[in-house]
Structure formats: C-alpha cells, structure tokens
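Structure first, commentary second.
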Amino acid sequence: MSKEKKKTRRKTKKKPTKRFDGRNPMELRPIKIESGVLPNADGSAYIEMGKNKVLVGVFGPKEMHPKRFAKPNMATLRCRYHMSPFSVDPRRSPAPSRRDMEIGMVMTWALEPAIFLDRYPRSVIEVYAEILEADGGTRTACINAATVALVDAGIPMRDLVASCSAGKMDGKLVVDLGDYEDKEGEADVPLAYMPKLEKITLLQMDGVLPPNEFEECINLAIEGCKQIYEIQREALKKKYGISEELQEEAEE
Amino acid sequence: MSGRYGIVSKLKRKKIHEVVASGNRMDGRGLEEYREIVVRPNAMEKADGSAEVYLGKSRVLVGVSVEIGKPFEDTPAKGVLICNAEFTPIAHPTFEPGPPKDDSIELARVVDRGLRSAEILDFDKLCLIEGSDVYLVFVDLYVLSYDGNLIDASAMGAIEALRNTKMQVYKVKEGKLELTKRTQALKLLSEPLAVTIAKIGENLVVDPTADEEEVMDARLTITLDENGNVCTIQKARSEGFTMEEIKKALSLAQEKSAEIREKLKRKD
C-alpha cells in the first residue's frame, strides 16, 4: 500500500497542478447517496464518497432507555460512529475507540441544530453510522448520509446538513481531502453547514494554518457543502419526489 | 437465536404454526426452499478479501484481513484463523451497540467451527517463525440487516471472502521477517457450507426468517463440506429432536448444501 502511494506522490511532483489522485484542487470526490436502503431501520442512507462507504440507520423517535436520561422538554439525539474491522488496513479492533466516541459526539452536535427536537419530548432518536470502508473524511461522509437518513425516517428538519472538508496539501489549499492528504497534508478542516440557514454546525481542525488561509479553507469547505447539498436533495427526490414524467403528466 | 428479537404476537405465532403445518410458509416458500441468495464477491477494496451476501432481507458483509502475529501457545507452528461476528445496531431495532452478546458469539463460533473442522486452510503453511510469527487470518462477519438465518449467510460469505483473499507474502531472512512484493491467494482445502433447519411444530423448515426463528421450537445447523461430510452441528433452543428428524434434517442439509454450492460456483 505504502509503496503504491510513494509512486503516486512522485507523479504529483512532476505535475504539480493535479492532486495525488488526479483531482483538481477544488474538485470533490465522486459522491453517490441512496436513501431507504435498510429494511429494519426507520430511516437509512448509504453513501459512497470517493472510496468511503458508509451505511447509516436511524431509529426513532422512540422511548428513551434508561428513562432517567430523557429530557422532559425535547428529544435527545444520539449518534454512534463505528468502523468495521476490515474498513482499514491493517485490521482494526471492533471495540469502540476514543476517536469513535468523539466523532459520534461531534456528529450529534452537527446534526442537532437541524432537527426539531422539541417536537418529541422524552424520546430519543438514534443515528448509527457504520463505516464499511474508510478513505479519509469519514465523519463528513457520515454526516451527509445521516442527514438523508433522518429525512428518510420522517423526522422534521429545519434544513439539510451537508459536510465537507478543506485543507492544505503541499502548500496548496484543496477541498474534500482523501486519506493520503488527510495523513500527509499540513492541515485538515472538516466542516458541516446548513446551506439554507447559513450556519456552520461542525468545525474542527488538525494541523497548522495562518488565519487568512484558515478563513479561505472555511469558504472552500462551504462551497463543497453546497455541492453536496444538491446531491443530498437529488437522493431524496429520487425516493420521495415526483419524477419528471409524472410532473409532465400532471402539467398536461 | 434467542428470543430477544422483538416479540411475535400470539396470533402470528399461531398463524405461522398453522401455515407450516399445512406445508406452506408465510412468505409463500415451500418448507424446503431457500430465499433468494445474492453473493457479491470483492465487495470492499481495503480488506484482503471480502464478500457481501443477501439472503432474502438478511444481509451480511464478510471481510478477511491477513496479518502477522503470535500463534496460540498450544500450536506454535500453525497459523491462526479467527472468526468474529459483529451485530451492527442498524441491522434490527433490537440490536444494541455494545460488547458482543450471546447471539453474535454463537454465530461467530458456529461459523468458526465449520471453517476450522473442515480444515479449510493448511495451517502448517501459514507459519513463518515457529513460536513467534505466523499468519493470522481474521474473518469478520458484519451483520448489516437481520431477517433470520444469519449462520448460513455468514458461512457462505466467509467461504466466498476467503476464496478471493489476496494476502501479502512475508519471507524469513536470517530469522527476521521481510515483506515481499508478492501477494498470494489463500489456498482453500475445502468449502464447508451451513444449512440451518428450524423445527416448527412437527415440521422441519430450511432457512428460517426472523419471525420463524422467533416461534421455532428448535434449530439445527449442519455444516457440510463439498464431499458431504458433516463438519459441525449446532442444536439450539430447548425443544428436542427425534432420531428420525435428525436423519431427515441431515439428508435435507445434504441436498440444500449441494444446491447452494452449485449457485456459488456459477458466479465464477
């Protein structure tokens, strides 16, 4: 694996305009989102973001267990981020790590502002994200899929939450970092954004950036989020929207 | 599997029993009929080997990772096969996150025993340095959706994933390990497949759904290799089987495993 990467790195040095995987600096990886993929979940979504493959299932709103954790005035959102043992090389233990816990928590914070939690007092909404294959930027992929899964579960929302990262690699600002850029790059800024409400709901950073570049990264990530937002809407329209044929018929 | 998969109402339980007694199934199948089986080999890129199996609405993703590690103390010159099952909470509303529970441990162990007792791999060849470094073959069963009969789906997935596993080859140079550029396929010596039979009332049905597992009186999982030899048997639940029933189940398993084997072959 590492040798393969070294080769690609050499290539990037020869052609400095392209990124190591052949993308332009402002180009997202190919994204595919599908909603309603799990028969037993209340809502679900599957996302492929580059080589990331994530399945998200939503259960609820349902009764909180144990009951003493229930909030009397609103629902609780619980997110769990979990990686399959074979999602990375070398194999990873299936037991939840500290990293998994933290990502689950920031996912909750990223999604909560979009949900009308006050509609379901005392209940809990559970979001389970299972990483089947990881390739950098899994938390952004999880948030993108979780939003679609929440809508699929029929939970009322203020806006969709789209998530994308930006960062710096070999001195250049790039958007939607892959695994290699995530590890070898100078900085990584994952961000989640509600395009209609114009609010940032997740902001983290790894690495070092001067303030002006940091601001630029945020702007780039927001641009990425807006593109992803459209893909999320398409995924939902595909399942719930009126197809073009029907619309034409209705107009006639 | 035990009774923690939600509750089936008394009416439904009665109905399932009646329908099975009349020689039919709730989903329109015959008693000795499997649901549709779809196998997707090489479903994941990062794993050394993988396969996804859809058995009706049940869905299992199997990943194989080959690593280097210490052998078991009692077999210092043999490679290691470890089977691990994970019930993801997205598979069913009653599956909860947390450490593995009885059912996932049973699933992993039954599949593991099937692979192990059929001597699927030549473990002597998976040894690099006796006592310290051997190949560890991890088979991870990842349950993505539950609608009964996870054992058969997992066993199929495990075979299919092991079949397309490409592991990196190490060599021993002056007592030290060295990674070579070569990758090598695992050589499978046999192909055990599991057939699960549920006893509902006086009848035996193959490939039970979640509801049928809930109302069944007993379960028998028979693992057979390609020559029809029995590799593993697991009887579950508190009802008993008569000798006739066991004999019938065994011949049923022979027939069904041959059928599944034929189906898996056609994919190649």
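Simple scheme: letters A, B, ... for chains in structure tokens order, numbers from 1 for residues in each chain, numbers from 1 for ligands in the order shown.
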
List as JSON lines every residue of chain B that is in contact with chain A, defined as an atom at most 8 Å from one of its atoms (using only C-alpha atoms), together with the nearest atom pair and the distance in Å rounded to one decimal, sorted by chain and then rising number.
```
{"residue": "B:Met44", "atom": "CA", "partner": "A:Glu133", "partner_atom": "CA", "distance": 6.8}
{"residue": "B:Glu45", "atom": "CA", "partner": "A:Glu133", "partner_atom": "CA", "distance": 7.7}
{"residue": "B:Lys46", "atom": "CA", "partner": "A:Val88", "partner_atom": "CA", "distance": 6.0}
{"residue": "B:Ala47", "atom": "CA", "partner": "A:Phe86", "partner_atom": "CA", "distance": 5.2}
{"residue": "B:Lys57", "atom": "CA", "partner": "A:Pro39", "partner_atom": "CA", "distance": 7.2}
{"residue": "B:Gly63", "atom": "CA", "partner": "A:Phe86", "partner_atom": "CA", "distance": 5.6}
{"residue": "B:Val64", "atom": "CA", "partner": "A:Phe86", "partner_atom": "CA", "distance": 6.9}
{"residue": "B:Ser65", "atom": "CA", "partner": "A:Arg91", "partner_atom": "CA", "distance": 6.2}
{"residue": "B:Glu67", "atom": "CA", "partner": "A:Pro90", "partner_atom": "CA", "distance": 7.5}
{"residue": "B:Glu86", "atom": "CA", "partner": "A:Pro94", "partner_atom": "CA", "distance": 7.8}
{"residue": "B:Thr88", "atom": "CA", "partner": "A:Glu130", "partner_atom": "CA", "distance": 7.6}
{"residue": "B:Pro89", "atom": "CA", "partner": "A:Tyr128", "partner_atom": "CA", "distance": 6.8}
{"residue": "B:Ile90", "atom": "CA", "partner": "A:Gly57", "partner_atom": "CA", "distance": 5.0}
{"residue": "B:Ala91", "atom": "CA", "partner": "A:Asn40", "partner_atom": "CA", "distance": 6.4}
{"residue": "B:His92", "atom": "CA", "partner": "A:Asn40", "partner_atom": "CA", "distance": 5.3}
{"residue": "B:Pro93", "atom": "CA", "partner": "A:Ala41", "partner_atom": "CA", "distance": 6.7}
{"residue": "B:Pro99", "atom": "CA", "partner": "A:Ala95", "partner_atom": "CA", "distance": 7.4}
{"residue": "B:Asp140", "atom": "CA", "partner": "A:Pro85", "partner_atom": "CA", "distance": 6.9}
{"residue": "B:Tyr142", "atom": "CA", "partner": "A:Ser84", "partner_atom": "CA", "distance": 7.4}
{"residue": "B:Ser145", "atom": "CA", "partner": "A:Leu38", "partner_atom": "CA", "distance": 6.8}
{"residue": "B:Tyr146", "atom": "CA", "partner": "A:Asn40", "partner_atom": "CA", "distance": 7.6}
```

* Write down as a PyMOL selection string the residues belonging to region 35-243 of chain A that are assigned strand (DSSP E) by DSSP computed on the backbone. => chain A and resi 35+43-49+52-63+76-83+123-133+162-169+172-175+187-194+199-203+206-207

Now that the selection is made, can you save its residues with C-alpha atoms as a CSV table (one decimal), in the first residue's frame?
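Result saved to out.csv:
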```
chain,number,residue,atom,x,y,z
A,35,SER,CA,-31.8,6.6,0.8
A,43,GLY,CA,-34.7,5.7,8.1
A,44,SER,CA,-31.4,4.9,6.3
A,45,ALA,CA,-28.9,6.0,3.8
A,46,TYR,CA,-25.9,4.7,2.0
A,47,ILE,CA,-23.1,7.0,0.8
A,48,GLU,CA,-20.1,6.4,-1.3
A,49,MET,CA,-17.8,9.4,-1.1
A,52,ASN,CA,-15.5,5.8,1.7
A,53,LYS,CA,-18.5,3.5,2.1
A,54,VAL,CA,-20.9,4.3,4.9
A,55,LEU,CA,-24.3,2.9,5.9
A,56,VAL,CA,-26.4,5.0,8.3
A,57,GLY,CA,-29.5,3.7,10.1
A,58,VAL,CA,-31.9,5.9,12.1
A,59,PHE,CA,-34.2,4.6,14.8
A,60,GLY,CA,-36.8,6.6,16.5
A,61,PRO,CA,-38.1,8.9,17.8
A,62,LYS,CA,-38.6,6.2,20.5
A,63,GLU,CA,-38.7,5.8,24.2
A,76,THR,CA,-32.3,13.5,22.6
A,77,LEU,CA,-30.2,12.8,19.5
A,78,ARG,CA,-27.6,10.0,19.9
A,79,CYS,CA,-25.1,9.3,17.2
A,80,ARG,CA,-22.8,6.3,17.1
A,81,TYR,CA,-19.8,6.2,14.8
A,82,HIS,CA,-18.4,2.7,14.3
A,83,MET,CA,-15.8,1.3,11.9
A,123,SER,CA,-37.8,10.5,23.4
A,124,VAL,CA,-34.6,9.5,21.7
A,125,ILE,CA,-33.5,9.5,18.1
A,126,GLU,CA,-30.7,7.1,17.4
A,127,VAL,CA,-28.3,7.5,14.5
A,128,TYR,CA,-25.9,4.6,13.8
A,129,ALA,CA,-23.2,5.1,11.3
A,130,GLU,CA,-21.3,2.0,10.2
A,131,ILE,CA,-18.1,2.6,8.2
A,132,LEU,CA,-17.7,-0.2,5.8
A,133,GLU,CA,-14.7,1.2,4.1
A,162,ALA,CA,-24.0,19.0,4.3
A,163,SER,CA,-20.5,18.3,5.3
A,164,CYS,CA,-17.2,18.6,3.5
A,165,SER,CA,-13.5,19.2,4.5
A,166,ALA,CA,-10.9,21.6,3.1
A,167,GLY,CA,-7.2,21.7,3.9
A,168,LYS,CA,-3.7,22.3,2.8
A,169,MET,CA,-1.5,19.8,1.0
A,172,LYS,CA,-1.9,24.4,-1.7
A,173,LEU,CA,-5.4,24.7,-0.5
A,174,VAL,CA,-7.6,21.8,-1.5
A,175,VAL,CA,-11.2,20.6,-0.9
A,187,ALA,CA,-4.0,20.9,7.7
A,188,ASP,CA,-7.5,19.5,7.6
A,189,VAL,CA,-10.6,21.4,8.4
A,190,PRO,CA,-13.8,19.3,8.4
A,191,LEU,CA,-16.9,21.4,8.4
A,192,ALA,CA,-20.7,20.9,8.4
A,193,TYR,CA,-23.0,23.6,7.1
A,194,MET,CA,-26.7,24.2,6.7
A,199,LYS,CA,-25.0,28.1,9.7
A,200,ILE,CA,-21.8,26.2,10.4
A,201,THR,CA,-22.6,23.3,12.7
A,202,LEU,CA,-19.3,21.4,12.7
A,203,LEU,CA,-15.9,22.9,12.7
A,206,ASP,CA,-5.9,19.4,12.5
A,207,GLY,CA,-2.6,21.0,11.7
```

Between CA of Gly50 (chain A) and CA of Pro30 (chain A) lies a distance of 5.4 Å

Write out as a list of chain:residue names which residues come within 6 Å of Gly148 (chain B) when counting only C-alpha atoms, dropping same-chain ones fewer than 6 positions away.
->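 That gives B:Pro208, B:Thr209, B:Ala210.
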
Store the residues picked out above, limited to N, CA, C and O atoms, as an mmCIF file, in the first residue's frame.
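New file selection-v8.cif:
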```cif
data_model
loop_
_atom_site.group_PDB
_atom_site.id
_atom_site.type_symbol
_atom_site.label_atom_id
_atom_site.label_comp_id
_atom_site.auth_asym_id
_atom_site.auth_seq_id
_atom_site.Cartn_x
_atom_site.Cartn_y
_atom_site.Cartn_z
ATOM 1 N N PRO B 208 -34.910 -20.339 8.052
ATOM 2 C CA PRO B 208 -35.980 -19.619 8.752
ATOM 3 C C PRO B 208 -35.798 -18.101 8.691
ATOM 4 O O PRO B 208 -34.681 -17.602 8.718
ATOM 5 N N THR B 209 -36.920 -17.373 8.587
ATOM 6 C CA THR B 209 -36.884 -15.913 8.665
ATOM 7 C C THR B 209 -36.852 -15.507 10.133
ATOM 8 O O THR B 209 -36.925 -16.356 11.019
ATOM 9 N N ALA B 210 -36.775 -14.196 10.389
ATOM 10 C CA ALA B 210 -36.712 -13.711 11.766
ATOM 11 C C ALA B 210 -37.948 -14.143 12.550
ATOM 12 O O ALA B 210 -37.844 -14.613 13.687
#
```

Using only C-alpha atoms, which residues sit within 9 Å of Ala85 (chain B) once same-chain residues fewer than 4 positions away are excluded, as a VMD selection string?
chain B and resid 100 104 to 109 139 to 143

Kindly save the residues from that selection, with all heavy atoms included, as a tab-separated table (two decimals), in the first residue's frame.
```tsv
chain	number	residue	atom	x	y	z
B	100	PRO	N	-20.08	-7.75	22.35
B	100	PRO	CA	-20.82	-8.84	21.72
B	100	PRO	C	-21.71	-9.58	22.71
B	100	PRO	O	-21.32	-9.82	23.84
B	100	PRO	CB	-19.73	-9.75	21.17
B	100	PRO	CG	-18.48	-9.01	21.25
B	100	PRO	CD	-18.63	-7.89	22.18
B	104	SER	N	-24.26	-13.10	18.92
B	104	SER	CA	-23.19	-12.86	17.97
B	104	SER	C	-22.01	-13.77	18.27
B	104	SER	O	-21.28	-14.17	17.37
B	104	SER	CB	-22.78	-11.39	17.96
B	104	SER	OG	-22.22	-11.02	19.18
B	105	ILE	N	-21.84	-14.12	19.54
B	105	ILE	CA	-20.76	-15.05	19.88
B	105	ILE	C	-21.09	-16.43	19.32
B	105	ILE	O	-20.24	-17.10	18.73
B	105	ILE	CB	-20.54	-15.09	21.41
B	105	ILE	CG1	-19.95	-13.75	21.85
B	105	ILE	CG2	-19.62	-16.24	21.79
B	105	ILE	CD1	-19.91	-13.52	23.32
B	106	GLU	N	-22.35	-16.84	19.43
B	106	GLU	CA	-22.73	-18.14	18.88
B	106	GLU	C	-22.50	-18.16	17.37
B	106	GLU	O	-21.92	-19.10	16.83
B	106	GLU	CB	-24.20	-18.45	19.19
B	106	GLU	CG	-24.52	-19.92	18.91
B	106	GLU	CD	-25.95	-20.16	18.47
B	106	GLU	OE1	-26.68	-19.19	18.23
B	106	GLU	OE2	-26.32	-21.33	18.35
B	107	LEU	N	-22.95	-17.08	16.70
B	107	LEU	CA	-22.77	-17.01	15.25
B	107	LEU	C	-21.30	-17.16	14.87
B	107	LEU	O	-20.94	-17.97	14.02
B	107	LEU	CB	-23.33	-15.67	14.73
B	107	LEU	CG	-23.03	-15.34	13.27
B	107	LEU	CD1	-23.71	-16.33	12.34
B	107	LEU	CD2	-23.49	-13.93	12.93
B	108	ALA	N	-20.45	-16.38	15.53
B	108	ALA	CA	-19.02	-16.42	15.21
B	108	ALA	C	-18.46	-17.81	15.46
B	108	ALA	O	-17.69	-18.34	14.67
B	108	ALA	CB	-18.27	-15.38	16.03
B	109	ARG	N	-18.88	-18.41	16.57
B	109	ARG	CA	-18.29	-19.71	16.93
B	109	ARG	C	-18.77	-20.83	16.01
B	109	ARG	O	-18.00	-21.73	15.68
B	109	ARG	CB	-18.58	-20.03	18.40
B	109	ARG	CG	-17.72	-19.18	19.33
B	109	ARG	CD	-17.77	-19.68	20.76
B	109	ARG	NE	-17.52	-21.11	20.89
B	109	ARG	CZ	-16.33	-21.65	21.05
B	109	ARG	NH1	-15.26	-20.88	21.07
B	109	ARG	NH2	-16.20	-22.94	21.19
B	139	VAL	N	-11.51	-13.39	10.07
B	139	VAL	CA	-12.74	-13.39	9.27
B	139	VAL	C	-13.77	-12.60	10.07
B	139	VAL	O	-14.21	-13.03	11.12
B	139	VAL	CB	-13.24	-14.82	9.00
B	139	VAL	CG1	-14.54	-14.80	8.21
B	139	VAL	CG2	-12.19	-15.63	8.26
B	140	ASP	N	-14.11	-11.41	9.60
B	140	ASP	CA	-15.07	-10.57	10.32
B	140	ASP	C	-16.44	-10.64	9.66
B	140	ASP	O	-16.59	-10.30	8.49
B	140	ASP	CB	-14.58	-9.12	10.36
B	140	ASP	CG	-13.44	-8.95	11.33
B	140	ASP	OD1	-13.68	-9.12	12.53
B	140	ASP	OD2	-12.30	-8.67	10.89
B	141	LEU	N	-17.41	-11.08	10.43
B	141	LEU	CA	-18.78	-11.18	9.92
B	141	LEU	C	-19.52	-9.93	10.39
B	141	LEU	O	-19.66	-9.70	11.58
B	141	LEU	CB	-19.48	-12.42	10.48
B	141	LEU	CG	-18.67	-13.72	10.41
B	141	LEU	CD1	-19.34	-14.80	11.24
B	141	LEU	CD2	-18.52	-14.18	8.97
B	142	TYR	N	-19.96	-9.12	9.45
B	142	TYR	CA	-20.57	-7.84	9.79
B	142	TYR	C	-22.03	-7.90	9.37
B	142	TYR	O	-22.34	-7.84	8.18
B	142	TYR	CB	-19.81	-6.75	9.05
B	142	TYR	CG	-19.64	-5.47	9.81
B	142	TYR	CD1	-18.98	-5.45	11.03
B	142	TYR	CD2	-20.13	-4.28	9.30
B	142	TYR	CE1	-18.84	-4.28	11.73
B	142	TYR	CE2	-19.98	-3.10	10.00
B	142	TYR	CZ	-19.33	-3.10	11.21
B	142	TYR	OH	-19.18	-1.94	11.90
B	143	VAL	N	-22.93	-8.02	10.33
B	143	VAL	CA	-24.35	-8.19	10.02
B	143	VAL	C	-24.98	-6.82	9.78
B	143	VAL	O	-25.03	-5.98	10.68
B	143	VAL	CB	-25.07	-8.91	11.17
B	143	VAL	CG1	-26.55	-9.04	10.86
B	143	VAL	CG2	-24.45	-10.27	11.41
```

**Prompt:** How many Å separate CA of Gln254 (chain B) from CA of Leu204 (chain B)?
**Reply:**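 Pair CA of Gln254 (chain B) / CA of Leu204 (chain B) returns 14.4 Å.
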
Worksheet item: What's the 9 Å shell around region 174-188 of chain B, counting only C-alpha atoms, without same-chain residues fewer than 4 positions away, as a ChimeraX atom specification?
Response: /B:119-122,128-129,133,159,162-170

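A straight line drawn from CA of Asp159 (chain A) to CA of Ile115 (chain A) is 7.9 Å long.
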
Practice task
Could you give me the residues within region 42-239 of chain B that DSSP places in helix (DSSP H, G or I), as an MDAnalysis selection string?
Solution key: chainID B and resid 102:117 123:126 150:163 210:215

Can those selected residues be exported to a file as a CSV table (one decimal), in the first residue's frame so that it contains N, CA and C atoms?
```csv
chain,number,residue,atom,x,y,z
B,102,ASP,N,-24.6,-12.9,23.5
B,102,ASP,CA,-24.7,-14.4,23.2
B,102,ASP,C,-24.8,-14.7,21.8
B,103,ASP,N,-25.7,-14.1,21.1
B,103,ASP,CA,-26.1,-14.5,19.7
B,103,ASP,C,-24.9,-14.2,18.8
B,104,SER,N,-24.3,-13.1,18.9
B,104,SER,CA,-23.2,-12.9,18.0
B,104,SER,C,-22.0,-13.8,18.3
B,105,ILE,N,-21.8,-14.1,19.5
B,105,ILE,CA,-20.8,-15.1,19.9
B,105,ILE,C,-21.1,-16.4,19.3
B,106,GLU,N,-22.3,-16.8,19.4
B,106,GLU,CA,-22.7,-18.1,18.9
B,106,GLU,C,-22.5,-18.2,17.4
B,107,LEU,N,-22.9,-17.1,16.7
B,107,LEU,CA,-22.8,-17.0,15.3
B,107,LEU,C,-21.3,-17.2,14.9
B,108,ALA,N,-20.4,-16.4,15.5
B,108,ALA,CA,-19.0,-16.4,15.2
B,108,ALA,C,-18.5,-17.8,15.5
B,109,ARG,N,-18.9,-18.4,16.6
B,109,ARG,CA,-18.3,-19.7,16.9
B,109,ARG,C,-18.8,-20.8,16.0
B,110,VAL,N,-20.0,-20.8,15.6
B,110,VAL,CA,-20.5,-21.9,14.7
B,110,VAL,C,-19.8,-21.8,13.4
B,111,VAL,N,-19.7,-20.5,12.9
B,111,VAL,CA,-19.1,-20.4,11.6
B,111,VAL,C,-17.6,-20.8,11.7
B,112,ASP,N,-17.0,-20.3,12.8
B,112,ASP,CA,-15.6,-20.6,13.0
B,112,ASP,C,-15.3,-22.1,13.1
B,113,ARG,N,-16.2,-22.8,13.8
B,113,ARG,CA,-16.0,-24.3,14.0
B,113,ARG,C,-16.2,-24.9,12.6
B,114,GLY,N,-17.1,-24.4,11.8
B,114,GLY,CA,-17.3,-25.0,10.5
B,114,GLY,C,-16.0,-24.9,9.6
B,115,LEU,N,-15.4,-23.7,9.6
B,115,LEU,CA,-14.2,-23.5,8.8
B,115,LEU,C,-13.1,-24.3,9.4
B,116,ARG,N,-13.0,-24.3,10.7
B,116,ARG,CA,-11.8,-25.0,11.4
B,116,ARG,C,-11.9,-26.5,11.2
B,117,SER,N,-13.1,-27.1,11.5
B,117,SER,CA,-13.1,-28.5,11.5
B,117,SER,C,-13.1,-29.1,10.1
B,123,PHE,N,-2.9,-25.0,7.9
B,123,PHE,CA,-2.3,-24.1,8.9
B,123,PHE,C,-0.8,-24.2,9.1
B,124,ASP,N,-0.3,-25.4,8.7
B,124,ASP,CA,1.2,-25.6,8.9
B,124,ASP,C,1.9,-24.6,7.9
B,125,LYS,N,1.3,-24.4,6.8
B,125,LYS,CA,2.0,-23.5,5.8
B,125,LYS,C,1.8,-22.0,6.1
B,126,LEU,N,1.0,-21.7,7.1
B,126,LEU,CA,0.8,-20.3,7.5
B,126,LEU,C,1.8,-19.9,8.6
B,150,LEU,N,-28.8,-16.1,10.0
B,150,LEU,CA,-27.5,-15.4,9.8
B,150,LEU,C,-26.4,-16.4,9.6
B,151,ILE,N,-26.5,-17.6,10.2
B,151,ILE,CA,-25.4,-18.5,10.1
B,151,ILE,C,-25.1,-19.0,8.7
B,152,ASP,N,-26.2,-19.3,8.0
B,152,ASP,CA,-26.0,-19.8,6.6
B,152,ASP,C,-25.4,-18.7,5.7
B,153,ALA,N,-26.0,-17.5,5.9
B,153,ALA,CA,-25.5,-16.3,5.1
B,153,ALA,C,-24.0,-16.1,5.4
B,154,SER,N,-23.7,-16.1,6.7
B,154,SER,CA,-22.3,-15.8,7.1
B,154,SER,C,-21.3,-16.9,6.6
B,155,ALA,N,-21.8,-18.1,6.7
B,155,ALA,CA,-20.9,-19.2,6.2
B,155,ALA,C,-20.6,-19.1,4.7
B,156,MET,N,-21.6,-18.8,4.0
B,156,MET,CA,-21.5,-18.5,2.5
B,156,MET,C,-20.5,-17.4,2.3
B,157,GLY,N,-20.7,-16.3,3.0
B,157,GLY,CA,-19.9,-15.1,2.8
B,157,GLY,C,-18.4,-15.4,3.2
B,158,ALA,N,-18.3,-16.2,4.3
B,158,ALA,CA,-16.9,-16.5,4.7
B,158,ALA,C,-16.1,-17.2,3.7
B,159,ILE,N,-16.8,-18.2,3.1
B,159,ILE,CA,-16.1,-19.0,2.0
B,159,ILE,C,-15.8,-18.2,0.8
B,160,GLU,N,-16.8,-17.3,0.4
B,160,GLU,CA,-16.6,-16.5,-0.7
B,160,GLU,C,-15.5,-15.5,-0.5
B,161,ALA,N,-15.4,-14.9,0.7
B,161,ALA,CA,-14.4,-13.9,1.0
B,161,ALA,C,-13.0,-14.6,1.1
B,162,LEU,N,-13.0,-15.7,1.7
B,162,LEU,CA,-11.7,-16.4,1.8
B,162,LEU,C,-11.2,-16.8,0.4
B,163,ARG,N,-12.1,-17.2,-0.4
B,163,ARG,CA,-11.8,-17.6,-1.8
B,163,ARG,C,-11.1,-16.5,-2.6
B,210,ALA,N,-36.8,-14.2,10.4
B,210,ALA,CA,-36.7,-13.7,11.8
B,210,ALA,C,-37.9,-14.1,12.5
B,211,ASP,N,-39.1,-14.0,11.9
B,211,ASP,CA,-40.4,-14.4,12.6
B,211,ASP,C,-40.4,-15.9,12.9
B,212,GLU,N,-39.9,-16.7,11.9
B,212,GLU,CA,-39.9,-18.1,12.1
B,212,GLU,C,-38.9,-18.5,13.2
B,213,GLU,N,-37.8,-17.8,13.3
B,213,GLU,CA,-36.8,-18.1,14.3
B,213,GLU,C,-37.4,-17.8,15.7
B,214,GLU,N,-38.3,-16.8,15.7
B,214,GLU,CA,-38.9,-16.4,16.9
B,214,GLU,C,-39.8,-17.4,17.5
B,215,VAL,N,-40.6,-18.1,16.6
B,215,VAL,CA,-41.6,-19.0,17.0
B,215,VAL,C,-41.1,-20.5,16.9
```
